[in-house]
Amino acid sequence: MLKLLLALWLGQPQGFVSRDQWGSQPQPMPEELRHSPQRVVLHHSGVLWKEGDDPYRKIRALQSWGQRDKGWPDLPYHFLIAPDGHIFEGRDLNYRPESNTQYDLDGVVNVELWGNFDEQPVTAPALQATVELLAWLRQVHGLRELSAHRLQAPGQTTCPGNDLMRYYESGQLQRQVQERHPDTDD
Ligand SMILES: [Zn+2]
């Protein structure tokens with residue numbers, strides 16, 4: 001109850017896990033990575049999610065791997081969503097993300113769902129959390145444009161996987177976001 005009240009007070013979506021809560025240890029962010037957020041791009045981790053996997057371990061491992069092996073100061077994603085619907089806060093929105101593929105990252109806000117959706121379905125709680133997060137990004141940060149990694153980097157990746165892609169391509173995801181946060185402008 002207290003967590004829910006705190007989330008409402010801070011204006012964050014339900015199930016939000018802040019950087020402090022998961023123990024983020026970002027390195028100082030280079031000024032040249034500063035940008036103004038323009039559009040949300042959807043990703044999957046591309047790794048099969050197995051029962052018993054711990055998102056807290058995974059997110060810390062991803063952050064330290066990126067810092068050690070890739071020279072990334074912080075997570076390549078701004079938000080990461082677990083199959084149980086928890087939303088983890090990643091890189092500061094005001095800095096461009098990272099990618100293993102070639103495309104223009106300026107203005108991109110990266111949202112990743114854990115799992116491999118070419119091989120497993122998106123869970124209902126993860127899909128609901130995605131809707132909540134996208135509605136919040138729209139309401140609080142004015143981010144209306146939504147895309148998917150494979151559309152930004154055609155031929156380079158199947159990310160975010162077929163099962164997540166079908167919610168995007170059918171327009172179901174966008175409709176649910178619109179219903180969650182009706183927009184009088186459109
Ligand atoms: Zn991706």
# chains A, B, ... in the order shown; residues from 1 in each chain; ligands from 1
$ residues_near_ligand --ligand "ligand 1" --cutoff "7 Å" --atoms "only C-alpha atoms and all ligand atoms" --output "PDB file with C-alpha atoms, in the first residue's frame"
ATOM      1  CA  LEU A  42      10.663  -1.294 -28.211  1.00  0.00           C
ATOM      2  CA  HIS A  43      13.157  -4.123 -27.632  1.00  0.00           C
ATOM      3  CA  HIS A  44      13.344  -7.601 -26.200  1.00  0.00           C
ATOM      4  CA  HIS A 149      14.030  -1.927 -33.078  1.00  0.00           C
ATOM      5  CA  CYS A 159      14.183  -7.477 -32.100  1.00  0.00           C
ATOM      6  CA  PRO A 160      11.657  -7.090 -30.376  1.00  0.00           C
TER       7      PRO A 160
END
$ residues_around --residues "segment 78-92 of chain A" --least-positions-apart "3" --cutoff "9 Å" --atoms "only C-alpha atoms" --output "number ranges by chain"
A: 13-19, 22, 24, 26, 49, 55-56, 59, 63, 74-75, 95-97, 109-115, 122-130, 133
$ write_last_selection --atoms "C-alpha atoms" --output "mmCIF file, in the first residue's frame"
data_model
loop_
_atom_site.group_PDB
_atom_site.id
_atom_site.type_symbol
_atom_site.label_atom_id
_atom_site.label_comp_id
_atom_site.auth_asym_id
_atom_site.auth_seq_id
_atom_site.Cartn_x
_atom_site.Cartn_y
_atom_site.Cartn_z
ATOM 1 C CA PRO A 13 3.593 3.777 -13.098
ATOM 2 C CA GLN A 14 2.734 0.911 -10.745
ATOM 3 C CA GLY A 15 5.454 -1.671 -10.190
ATOM 4 C CA PHE A 16 8.171 0.919 -10.769
ATOM 5 C CA VAL A 17 11.624 -0.032 -9.427
ATOM 6 C CA SER A 18 13.855 3.031 -9.210
ATOM 7 C CA ARG A 19 17.620 3.015 -9.849
ATOM 8 C CA TRP A 22 17.863 -1.994 -7.648
ATOM 9 C CA SER A 24 22.266 1.080 -10.064
ATOM 10 C CA PRO A 26 26.112 4.318 -13.457
ATOM 11 C CA TRP A 49 13.387 -15.988 -19.844
ATOM 12 C CA PRO A 55 15.517 -9.380 -12.796
ATOM 13 C CA TYR A 56 17.599 -7.674 -10.079
ATOM 14 C CA ILE A 59 19.893 -5.772 -14.612
ATOM 15 C CA GLN A 63 25.012 -2.783 -16.409
ATOM 16 C CA ASP A 74 25.155 3.009 -18.082
ATOM 17 C CA LEU A 75 22.507 0.545 -19.266
ATOM 18 C CA TYR A 95 20.937 10.755 -22.459
ATOM 19 C CA ARG A 96 20.959 8.801 -25.720
ATOM 20 C CA PRO A 97 20.869 5.011 -25.394
ATOM 21 C CA VAL A 109 14.013 6.232 -25.516
ATOM 22 C CA ASN A 110 14.723 2.503 -25.267
ATOM 23 C CA VAL A 111 12.195 0.228 -23.572
ATOM 24 C CA GLU A 112 13.216 -3.414 -23.241
ATOM 25 C CA LEU A 113 11.134 -6.403 -22.194
ATOM 26 C CA TRP A 114 13.034 -9.403 -20.858
ATOM 27 C CA GLY A 115 12.517 -12.568 -22.872
ATOM 28 C CA VAL A 122 4.981 -11.867 -23.870
ATOM 29 C CA THR A 123 3.327 -12.345 -20.457
ATOM 30 C CA ALA A 124 0.090 -10.509 -19.680
ATOM 31 C CA PRO A 125 1.661 -8.583 -16.747
ATOM 32 C CA ALA A 126 4.599 -7.475 -18.953
ATOM 33 C CA LEU A 127 2.232 -6.301 -21.685
ATOM 34 C CA GLN A 128 0.108 -4.407 -19.138
ATOM 35 C CA ALA A 129 3.246 -2.826 -17.638
ATOM 36 C CA THR A 130 4.319 -1.762 -21.146
ATOM 37 C CA LEU A 133 4.829 2.811 -18.985
#
$ residues_around --residues "segment 134-147 of chain A" --least-positions-apart "4" --cutoff "10 Å" --atoms "only C-alpha atoms" --output "ChimeraX atom specification"
/A:11-13,37-43,93,108-111,128-130,151-152,165,168-169,173-174,176-183
$ select_by_dssp --residues "segment 29-129 of chain A" --states "strand (DSSP E)" --output "PyMOL selection string"
chain A and resi 39-44+79-81+87-89+108-113
$ select_by_dssp --residues "chain A" --states "helix (DSSP H, G or I)" --output "VMD selection string"
chain A and resid 2 to 10 19 to 22 31 to 33 55 to 70 124 to 141 149 to 152 162 to 169 172 to 180
$ write_last_selection --atoms "C-alpha atoms" --output "compact mmCIF listing (two decimals), in the first residue's frame"
# COMPACT_ATOMS: atom_id res chain seq x y z
CA LEU A 2 2.80 2.40 0.96
CA LYS A 3 4.65 1.54 -2.27
CA LEU A 4 1.51 2.23 -4.30
CA LEU A 5 0.97 5.59 -2.56
CA LEU A 6 4.60 6.52 -3.11
CA ALA A 7 4.34 5.59 -6.79
CA LEU A 8 1.20 7.72 -7.17
CA TRP A 9 2.83 10.59 -5.31
CA LEU A 10 5.89 10.45 -7.56
CA ARG A 19 17.62 3.02 -9.85
CA ASP A 20 18.24 3.34 -6.11
CA GLN A 21 15.94 0.41 -5.39
CA TRP A 22 17.86 -1.99 -7.65
CA GLU A 31 27.84 15.49 -22.14
CA GLU A 32 27.91 14.52 -25.84
CA LEU A 33 25.28 11.84 -25.10
CA PRO A 55 15.52 -9.38 -12.80
CA TYR A 56 17.60 -7.67 -10.08
CA ARG A 57 20.56 -9.92 -10.89
CA LYS A 58 20.01 -9.56 -14.62
CA ILE A 59 19.89 -5.77 -14.61
CA ARG A 60 23.03 -5.46 -12.46
CA ALA A 61 24.84 -7.98 -14.69
CA LEU A 62 23.78 -6.08 -17.84
CA GLN A 63 25.01 -2.78 -16.41
CA SER A 64 28.42 -4.15 -15.38
CA TRP A 65 28.85 -6.14 -18.65
CA GLY A 66 28.13 -2.99 -20.69
CA GLN A 67 30.58 -0.93 -18.65
CA ARG A 68 33.31 -3.59 -18.78
CA ASP A 69 32.96 -5.04 -22.30
CA LYS A 70 31.29 -2.27 -24.32
CA ALA A 124 0.09 -10.51 -19.68
CA PRO A 125 1.66 -8.58 -16.75
CA ALA A 126 4.60 -7.47 -18.95
CA LEU A 127 2.23 -6.30 -21.68
CA GLN A 128 0.11 -4.41 -19.14
CA ALA A 129 3.25 -2.83 -17.64
CA THR A 130 4.32 -1.76 -21.15
CA VAL A 131 0.96 -0.03 -21.63
CA GLU A 132 1.28 1.70 -18.24
CA LEU A 133 4.83 2.81 -18.99
CA LEU A 134 4.01 4.08 -22.48
CA ALA A 135 0.96 5.96 -21.14
CA TRP A 136 3.14 7.52 -18.44
CA LEU A 137 5.85 8.50 -20.95
CA ARG A 138 3.15 10.09 -23.08
CA GLN A 139 1.47 11.91 -20.21
CA VAL A 140 4.55 13.07 -18.30
CA HIS A 141 7.15 13.37 -21.07
CA HIS A 149 14.03 -1.93 -33.08
CA ARG A 150 13.63 -3.96 -36.31
CA LEU A 151 11.91 -0.99 -37.97
CA GLN A 152 14.72 1.37 -36.94
CA ASN A 162 7.44 -11.70 -33.28
CA ASP A 163 5.13 -12.01 -30.29
CA LEU A 164 5.75 -8.45 -29.08
CA MET A 165 5.77 -7.16 -32.66
CA ARG A 166 2.24 -8.45 -33.32
CA TYR A 167 0.81 -6.19 -30.57
CA TYR A 168 2.55 -3.25 -32.24
CA GLU A 169 1.63 -4.17 -35.84
CA GLN A 172 -3.45 -3.15 -30.07
CA LEU A 173 -0.61 -1.73 -27.99
CA GLN A 174 -1.14 1.82 -29.25
CA ARG A 175 -4.92 1.51 -28.68
CA GLN A 176 -4.45 0.35 -25.09
CA VAL A 177 -2.06 3.24 -24.42
CA GLN A 178 -4.59 5.67 -25.85
CA GLU A 179 -7.36 4.16 -23.67
CA ARG A 180 -5.11 4.34 -20.61
$ closest_residue --among "A:Thr158, A:Ser170, A:His35, A:Gly52" --to "Asp118 of chain A" --atoms "only C-alpha atoms"
A:Thr158
$ residues_around --residues "Ser99 of chain A" --least-positions-apart "5" --cutoff "9 Å" --atoms "only C-alpha atoms" --output "PyMOL selection string"
chain A and resi 76-77+105
$ atom_distance --atom1 "atom CA of Ala153 of chain A" --atom2 "atom CA of Gln25 of chain A"
29.1 Å
